[in-house]
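> My questions will all concern the structure given below.
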Amino acid sequence: MNAPDPCPLLIEDFPHTPRSLRVALVSETYAPEVNGVALTLERMVHGLRARGHDLQVVRSRQAGTDAPSAQAGLEQVLMRSLPIPNYPQVRFGLPAKSALLRLWSLRRPDLVHIATEGPLGWSALQAARKLKLPVSTDFHTNFHAYSRHYGVGWLQKPIAAYLRKFHNGADCTLVPTASLKAELQALGFERLLVVGRGVDTQRFNPGQRNPALRAAWGAADDDCVALFVSRLAPEKNLNLLLQAFAAMQQVQPRCKLVLVGDGPERARLEAQCPQALVCGMRTGTDLAQHYASADVFLFPSQTETYGNVIPEAMASGLAVLAYDYAAPAELIRHQESGLLAPFGDSARFIEHAQLLAAQPELVQALRRAARARTEALDWGQIVQQTENLWLQMLKESAGTRPA
């Protein structure tokens, strides 16, 4: 009889560890610039680095002194840029196909993700295709819808055609909502995948409410403060914002309007509504305190692809009034966690604003429900979903290569 093996073979089932990726992210905007694209990319970069991935951010050089920060797992490549005419706060990257071909030939990324569709984004798409790199894109901004607000409405169809050609040249395009996916599919966009957005519920929370800030606004504890946070630009439907506020003041004369942001419409707004408090651009804890110190969030824009300010306002415990599309449609149940007006119905929007001014008990109920709704919107889940999509894209790309 054979003696038992003194050194039996032990087999352990180790958990699967996702492959570490080297991803080149291309964008015409990035933090510390303040906009939805820059915010989303910053959160994605932070989350991807935390999951062990190696990131190369190729971005437009920003105004003033701009130097890439040195961080482990993050390389920043700055490209030439110019300010957008009549909108100097925003810059666009210049064509750079040759530079990107050299950059990615010397150190080849696993995939390229393009967040913006300007000249730099187009160059990145062409360079990645020439090098046979997998490419994903983001659809962040309704530029084709913006055109009518800048006196070039006749360009709407050509811009939409350009965007369709751009995104259809990628392996997939990430969109934030199912409704936007359906809208773009009707316009001929292909290979669309829905990836939602998160919100930093630790930064944006009702505990950031600052009585001293409200006092500086001239608001008593029981006064209604209406807030708007975004670019002060024509596409944000700011005339309706002022009309809604005027309607609120008819019901509650002590109601205040606070505007956080900057842009080409600032001077006009200050002249047209001198009682409004225009606070300019705010970031970090300062921004969080401005959110939480208000009561109602008015957002009449009709040109958003998502609208990051909506979950930020809800997480801060505000009663949100917006049109029924994009992020509001995804996150708000009408009269439970906010108020929704039918898309484009300005009369209903104004009616809802008056209702908020007239019923403080409704405002309080909406504020509590809004905060509860956002507590599950974790950026970590969004990052993991994006990672899984990219891994699947790489798997499919490898399967199509000749043996």
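Identifiers in this document derive from the order of the structure tokens: chains are assigned A, B, ..., residues are numbered from 1 separately in each chain, and ligands are numbered from 1 in order of occurrence.
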Which residues of region 323-369 of chain A have any atom within 12 Å of an atom in region 210-229 of chain A when counting only C-alpha atoms, and what is the closest pair of atoms for each, with the distance in Å to one decimal? Order the rows by chain and rising number and write it as a tab-separated table.


residue	atom	partner	partner_atom	distance
A:Ala353	CA	A:Ala226	CA	9.4
A:Gln354	CA	A:Cys224	CA	11.4
A:Leu355	CA	A:Cys224	CA	11.9
A:Leu356	CA	A:Cys224	CA	8.8
A:Ala357	CA	A:Cys224	CA	6.9
A:Ala358	CA	A:Cys224	CA	9.7
A:Gln359	CA	A:Cys224	CA	10.2
A:Pro360	CA	A:Cys224	CA	8.0
A:Glu361	CA	A:Asp222	CA	11.1
A:Val363	CA	A:Cys224	CA	9.3
A:Gln364	CA	A:Cys224	CA	10.9

> Counting only C-alpha atoms, what is within 6 Å of region 374-377 of chain A, bar same-chain residues fewer than 6 positions away, as a PDB file with C-alpha atoms, in the first residue's frame?


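Below you can see around.pdb, which holds the result:
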ATOM      1  CA  GLY A 198     -22.680  59.768 -10.577  1.00  0.00           C
ATOM      2  CA  VAL A 199     -22.546  62.504  -7.975  1.00  0.00           C
ATOM      3  CA  ALA A 315     -27.788  65.641  -3.343  1.00  0.00           C
TER       4      ALA A 315
END

> Would you list the contacts of Ser230 (chain A) as a list of chain:residue names, taking every protein, DNA or RNA residue within 7 Å and counting only C-alpha atoms, but skipping same-chain residues closer than 2 positions in sequence?

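Counting only the stated atoms, we get A:Phe228, A:Leu232, A:Val260, A:Gly261.
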
> Export, as an mmCIF file, in the first residue's frame, the selected residues with C-alpha atoms.


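Result file part.cif:
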data_model
loop_
_atom_site.group_PDB
_atom_site.id
_atom_site.type_symbol
_atom_site.label_atom_id
_atom_site.label_comp_id
_atom_site.auth_asym_id
_atom_site.auth_seq_id
_atom_site.Cartn_x
_atom_site.Cartn_y
_atom_site.Cartn_z
ATOM 1 C CA PHE A 228 -29.341 78.519 -10.676
ATOM 2 C CA LEU A 232 -24.609 82.155 -18.089
ATOM 3 C CA VAL A 260 -23.677 80.767 -9.692
ATOM 4 C CA GLY A 261 -21.631 80.771 -12.884
#

> Out of A:Leu55, A:Leu101, A:Ala160, A:Leu82, which residue has the shortest atom-to-atom distance to Ser123 (chain A) when counting only C-alpha atoms?

A:Leu101

> Looking at only C-alpha atoms, which of A:Thr386, A:Gln272, A:Gln76, A:Asn239 is the one that sits closest to Pro300 (chain A)?

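When distances to Pro300 (chain A) are compared using only C-alpha atoms, the smallest one comes from A:Asn239.
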
> Find, counting only C-alpha atoms, the residue in A:Arg209, A:Arg22, A:Arg91, A:Arg333 that gets nearest to Ser60 (chain A).

A:Arg91

> Near Arg197 (chain A), counting only C-alpha atoms, which residues have an atom at most 7 Å away, once you skip same-chain residues fewer than 3 positions from it, shown as a PyMOL selection string?

chain A and resi 176+379+382

> Output as a tab-separated table one row per residue of region 159-271 of chain A within 8 Å of region 343-351 of chain A: the closest atom pair and its distance in Å to one decimal place, counting only C-alpha atoms, sorted by chain and residue number ascending.


residue	atom	partner	partner_atom	distance
A:Leu240	CA	A:Ser346	CA	7.0
A:Gln243	CA	A:Ile350	CA	7.1
A:Ala244	CA	A:Ile350	CA	4.8
A:Ala247	CA	A:Ile350	CA	6.7

> Can I get the selected residues back with N, CA, C and O atoms, as an mmCIF file, in the first residue's frame?


data_model
loop_
_atom_site.group_PDB
_atom_site.id
_atom_site.type_symbol
_atom_site.label_atom_id
_atom_site.label_comp_id
_atom_site.auth_asym_id
_atom_site.auth_seq_id
_atom_site.Cartn_x
_atom_site.Cartn_y
_atom_site.Cartn_z
ATOM 1 N N LEU A 240 -36.456 82.588 -19.405
ATOM 2 C CA LEU A 240 -37.480 81.852 -18.655
ATOM 3 C C LEU A 240 -37.113 81.779 -17.175
ATOM 4 O O LEU A 240 -38.002 81.841 -16.310
ATOM 5 N N GLN A 243 -38.308 84.959 -15.724
ATOM 6 C CA GLN A 243 -39.771 84.996 -15.687
ATOM 7 C C GLN A 243 -40.302 84.131 -14.536
ATOM 8 O O GLN A 243 -41.242 84.517 -13.830
ATOM 9 N N ALA A 244 -39.697 82.965 -14.347
ATOM 10 C CA ALA A 244 -40.125 82.080 -13.264
ATOM 11 C C ALA A 244 -39.863 82.721 -11.906
ATOM 12 O O ALA A 244 -40.695 82.643 -10.984
ATOM 13 N N ALA A 247 -42.404 85.372 -11.166
ATOM 14 C CA ALA A 247 -43.663 84.756 -10.752
ATOM 15 C C ALA A 247 -43.596 84.307 -9.292
ATOM 16 O O ALA A 247 -44.575 84.409 -8.553
#

> Which residues come within 9 Å of Trp104 (chain A), counting only C-alpha atoms, excluding same-chain residues fewer than 4 positions away, as a count of residues only?

8

> Using only C-alpha atoms, which protein or nucleic acid residues come within 12 Å of region 179-181 of chain A? Drop anything in the same chain fewer than 5 positions from it, and give the result as a ChimeraX atom specification.

/A:138-142,172-174,186-196,303-306,324-330

> For the residues in that selection, give me N, CA and C atoms as a compact mmCIF listing (two decimals), in the first residue's frame.


# COMPACT_ATOMS: atom_id res chain seq x y z
N ASP A 138 -17.49 59.88 -26.17
CA ASP A 138 -18.58 60.37 -25.32
C ASP A 138 -19.41 61.35 -26.12
N PHE A 139 -20.73 61.31 -25.94
CA PHE A 139 -21.59 62.37 -26.47
C PHE A 139 -22.01 63.21 -25.28
N HIS A 140 -21.36 64.37 -25.11
CA HIS A 140 -21.57 65.20 -23.94
C HIS A 140 -22.42 66.43 -24.20
N THR A 141 -22.32 67.01 -25.41
CA THR A 141 -22.87 68.35 -25.62
C THR A 141 -23.67 68.42 -26.90
N ASN A 142 -24.88 68.99 -26.81
CA ASN A 142 -25.74 69.15 -27.98
C ASN A 142 -25.32 70.37 -28.80
N CYS A 172 -17.66 52.54 -30.35
CA CYS A 172 -18.90 52.76 -29.60
C CYS A 172 -18.91 54.19 -29.08
N THR A 173 -20.11 54.68 -28.79
CA THR A 173 -20.29 56.01 -28.22
C THR A 173 -21.09 55.88 -26.94
N LEU A 174 -20.60 56.47 -25.85
CA LEU A 174 -21.26 56.41 -24.56
C LEU A 174 -22.18 57.61 -24.40
N ALA A 186 -32.37 57.82 -33.82
CA ALA A 186 -33.28 58.33 -34.85
C ALA A 186 -32.56 59.23 -35.84
N LEU A 187 -31.43 59.81 -35.42
CA LEU A 187 -30.64 60.67 -36.29
C LEU A 187 -29.55 59.90 -37.04
N GLY A 188 -29.51 58.58 -36.85
CA GLY A 188 -28.54 57.77 -37.59
C GLY A 188 -27.26 57.45 -36.85
N PHE A 189 -27.18 57.75 -35.56
CA PHE A 189 -25.99 57.40 -34.78
C PHE A 189 -26.01 55.89 -34.49
N GLU A 190 -24.85 55.29 -34.48
CA GLU A 190 -24.73 53.84 -34.34
C GLU A 190 -23.91 53.47 -33.10
N ARG A 191 -24.06 52.22 -32.66
CA ARG A 191 -23.25 51.63 -31.58
C ARG A 191 -23.25 52.50 -30.32
N LEU A 192 -24.43 52.85 -29.87
CA LEU A 192 -24.60 53.70 -28.69
C LEU A 192 -24.78 52.84 -27.45
N LEU A 193 -24.09 53.18 -26.38
CA LEU A 193 -24.18 52.46 -25.11
C LEU A 193 -24.49 53.46 -24.00
N VAL A 194 -25.42 53.11 -23.11
CA VAL A 194 -25.82 54.01 -22.03
C VAL A 194 -24.93 53.79 -20.81
N VAL A 195 -24.26 54.85 -20.40
CA VAL A 195 -23.48 54.86 -19.15
C VAL A 195 -23.90 56.11 -18.39
N GLY A 196 -24.49 55.94 -17.22
CA GLY A 196 -25.02 57.07 -16.48
C GLY A 196 -23.94 57.94 -15.86
N THR A 303 -31.18 72.25 -23.57
CA THR A 303 -30.12 71.82 -24.48
C THR A 303 -29.13 70.87 -23.82
N GLU A 304 -29.49 70.25 -22.70
CA GLU A 304 -28.56 69.39 -21.98
C GLU A 304 -28.53 67.98 -22.57
N THR A 305 -27.36 67.37 -22.58
CA THR A 305 -27.30 65.93 -22.83
C THR A 305 -27.55 65.16 -21.53
N TYR A 306 -27.19 65.75 -20.42
CA TYR A 306 -27.48 65.17 -19.10
C TYR A 306 -27.83 66.26 -18.11
N ASP A 324 -38.80 67.91 -18.31
CA ASP A 324 -38.86 66.45 -18.21
C ASP A 324 -38.05 65.80 -19.34
N TYR A 325 -36.74 65.82 -19.22
CA TYR A 325 -35.84 65.17 -20.17
C TYR A 325 -34.47 65.09 -19.51
N ALA A 326 -33.54 64.37 -20.15
CA ALA A 326 -32.16 64.24 -19.67
C ALA A 326 -32.13 63.81 -18.20
N ALA A 327 -31.20 64.36 -17.40
CA ALA A 327 -31.06 63.94 -16.01
C ALA A 327 -32.35 64.10 -15.19
N PRO A 328 -33.09 65.21 -15.33
CA PRO A 328 -34.33 65.31 -14.55
C PRO A 328 -35.29 64.16 -14.80
N ALA A 329 -35.45 63.75 -16.06
CA ALA A 329 -36.35 62.63 -16.37
C ALA A 329 -35.86 61.33 -15.77
N GLU A 330 -34.53 61.17 -15.69
CA GLU A 330 -33.96 59.94 -15.14
C GLU A 330 -34.09 59.89 -13.62

> Would you mind writing down, as a PyMOL selection string, each residue of region 24-177 of chain A that DSSP on the backbone assigns to helix (DSSP H, G or I)?

chain A and resi 36-50+97-106+119-130+143-150+153-168

> Name the residues in contact with Gln275 (chain A) at a cut-off of 12 Å, using only C-alpha atoms, excluding same-chain residues fewer than 4 positions from it; report them as a list in words.

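Residues near the query, excluding close chain neighbours: Trp217, Gly218, Leu242, Phe245, Ala246, Gln249, Pro253, Arg254, Cys255, Lys256, Leu257, Val258, Leu259, Leu269, Glu270 and Ala271 of chain A.
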
> Output N, CA and C atoms for every residue in the selection just made, as a PDB file, in the first residue's frame.


ATOM      1  N   TRP A 217     -26.791  86.859   1.740  1.00  0.00           N
ATOM      2  CA  TRP A 217     -27.738  87.020   0.633  1.00  0.00           C
ATOM      3  C   TRP A 217     -28.957  87.852   1.052  1.00  0.00           C
ATOM      4  N   GLY A 218     -29.070  88.150   2.345  1.00  0.00           N
ATOM      5  CA  GLY A 218     -30.236  88.872   2.837  1.00  0.00           C
ATOM      6  C   GLY A 218     -31.446  87.983   3.014  1.00  0.00           C
ATOM      7  N   LEU A 242     -35.672  84.109 -15.424  1.00  0.00           N
ATOM      8  CA  LEU A 242     -36.081  85.378 -14.823  1.00  0.00           C
ATOM      9  C   LEU A 242     -37.596  85.485 -14.734  1.00  0.00           C
ATOM     10  N   PHE A 245     -38.726  83.380 -11.771  1.00  0.00           N
ATOM     11  CA  PHE A 245     -38.403  84.038 -10.509  1.00  0.00           C
ATOM     12  C   PHE A 245     -39.366  85.185 -10.236  1.00  0.00           C
ATOM     13  N   ALA A 246     -39.689  85.963 -11.275  1.00  0.00           N
ATOM     14  CA  ALA A 246     -40.640  87.059 -11.097  1.00  0.00           C
ATOM     15  C   ALA A 246     -41.998  86.531 -10.638  1.00  0.00           C
ATOM     16  N   GLN A 249     -41.810  85.739  -6.979  1.00  0.00           N
ATOM     17  CA  GLN A 249     -41.859  86.945  -6.151  1.00  0.00           C
ATOM     18  C   GLN A 249     -43.285  87.488  -6.014  1.00  0.00           C
ATOM     19  N   PRO A 253     -42.835  87.845  -1.945  1.00  0.00           N
ATOM     20  CA  PRO A 253     -41.980  88.981  -2.335  1.00  0.00           C
ATOM     21  C   PRO A 253     -40.559  88.904  -1.800  1.00  0.00           C
ATOM     22  N   ARG A 254     -40.342  88.209  -0.683  1.00  0.00           N
ATOM     23  CA  ARG A 254     -38.994  88.137  -0.121  1.00  0.00           C
ATOM     24  C   ARG A 254     -38.136  87.042  -0.761  1.00  0.00           C
ATOM     25  N   CYS A 255     -38.654  86.390  -1.761  1.00  0.00           N
ATOM     26  CA  CYS A 255     -37.899  85.335  -2.447  1.00  0.00           C
ATOM     27  C   CYS A 255     -36.622  85.910  -3.070  1.00  0.00           C
ATOM     28  N   LYS A 256     -35.529  85.169  -2.977  1.00  0.00           N
ATOM     29  CA  LYS A 256     -34.233  85.598  -3.523  1.00  0.00           C
ATOM     30  C   LYS A 256     -33.848  84.716  -4.707  1.00  0.00           C
ATOM     31  N   LEU A 257     -33.067  85.279  -5.629  1.00  0.00           N
ATOM     32  CA  LEU A 257     -32.500  84.525  -6.753  1.00  0.00           C
ATOM     33  C   LEU A 257     -30.985  84.630  -6.701  1.00  0.00           C
ATOM     34  N   VAL A 258     -30.310  83.482  -6.667  1.00  0.00           N
ATOM     35  CA  VAL A 258     -28.852  83.423  -6.635  1.00  0.00           C
ATOM     36  C   VAL A 258     -28.368  82.704  -7.890  1.00  0.00           C
ATOM     37  N   LEU A 259     -27.471  83.346  -8.626  1.00  0.00           N
ATOM     38  CA  LEU A 259     -26.908  82.767  -9.848  1.00  0.00           C
ATOM     39  C   LEU A 259     -25.444  82.436  -9.610  1.00  0.00           C
ATOM     40  N   LEU A 269     -27.859  89.871 -17.635  1.00  0.00           N
ATOM     41  CA  LEU A 269     -28.665  89.406 -16.507  1.00  0.00           C
ATOM     42  C   LEU A 269     -28.601  90.396 -15.345  1.00  0.00           C
ATOM     43  N   GLU A 270     -27.406  90.897 -15.072  1.00  0.00           N
ATOM     44  CA  GLU A 270     -27.249  91.842 -13.966  1.00  0.00           C
ATOM     45  C   GLU A 270     -28.033  93.124 -14.228  1.00  0.00           C
ATOM     46  N   ALA A 271     -28.086  93.546 -15.500  1.00  0.00           N
ATOM     47  CA  ALA A 271     -28.838  94.760 -15.837  1.00  0.00           C
ATOM     48  C   ALA A 271     -30.342  94.510 -15.834  1.00  0.00           C
TER      49      ALA A 271
END

> Between CA of Val34 (chain A) and CA of Met281 (chain A), what distance in Å does the model show, to one decimal?

7.9 Å

> With only C-alpha atoms as the atoms that count, which of A:Leu39, A:Val296, A:Leu48, A:Leu94 lies nearest to Gln384 (chain A)?

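Answer, going by the shortest atom-to-atom distance: A:Leu48.
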
> Using DSSP on the backbone, list every residue of region 29-164 of chain A that comes out as strand (DSSP E or B), and give them as number ranges by chain.

A: 54-60, 71, 74-79, 81-84, 87-93, 111-114, 135-138, 141

> With only C-alpha atoms as the atoms that count, which of A:Phe166, A:Gln289, A:Pro234, A:Ser20 lies nearest to Asp262 (chain A)?

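Looking only at the distances to Asp262 (chain A), the closest residue turns out to be A:Pro234.
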
> A:Glu265, A:Asp54, A:Asp295, A:Asp200: which is nearest Leu111 (chain A), counting only C-alpha atoms?

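Among the listed residues, A:Asp54 lies closest to Leu111 (chain A).
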
> If I take CA of Met79 (chain A) and CA of Gly93 (chain A), how far is one from the other in Å, to one decimal?

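Computing it gives 6.6 Å between the two atoms.
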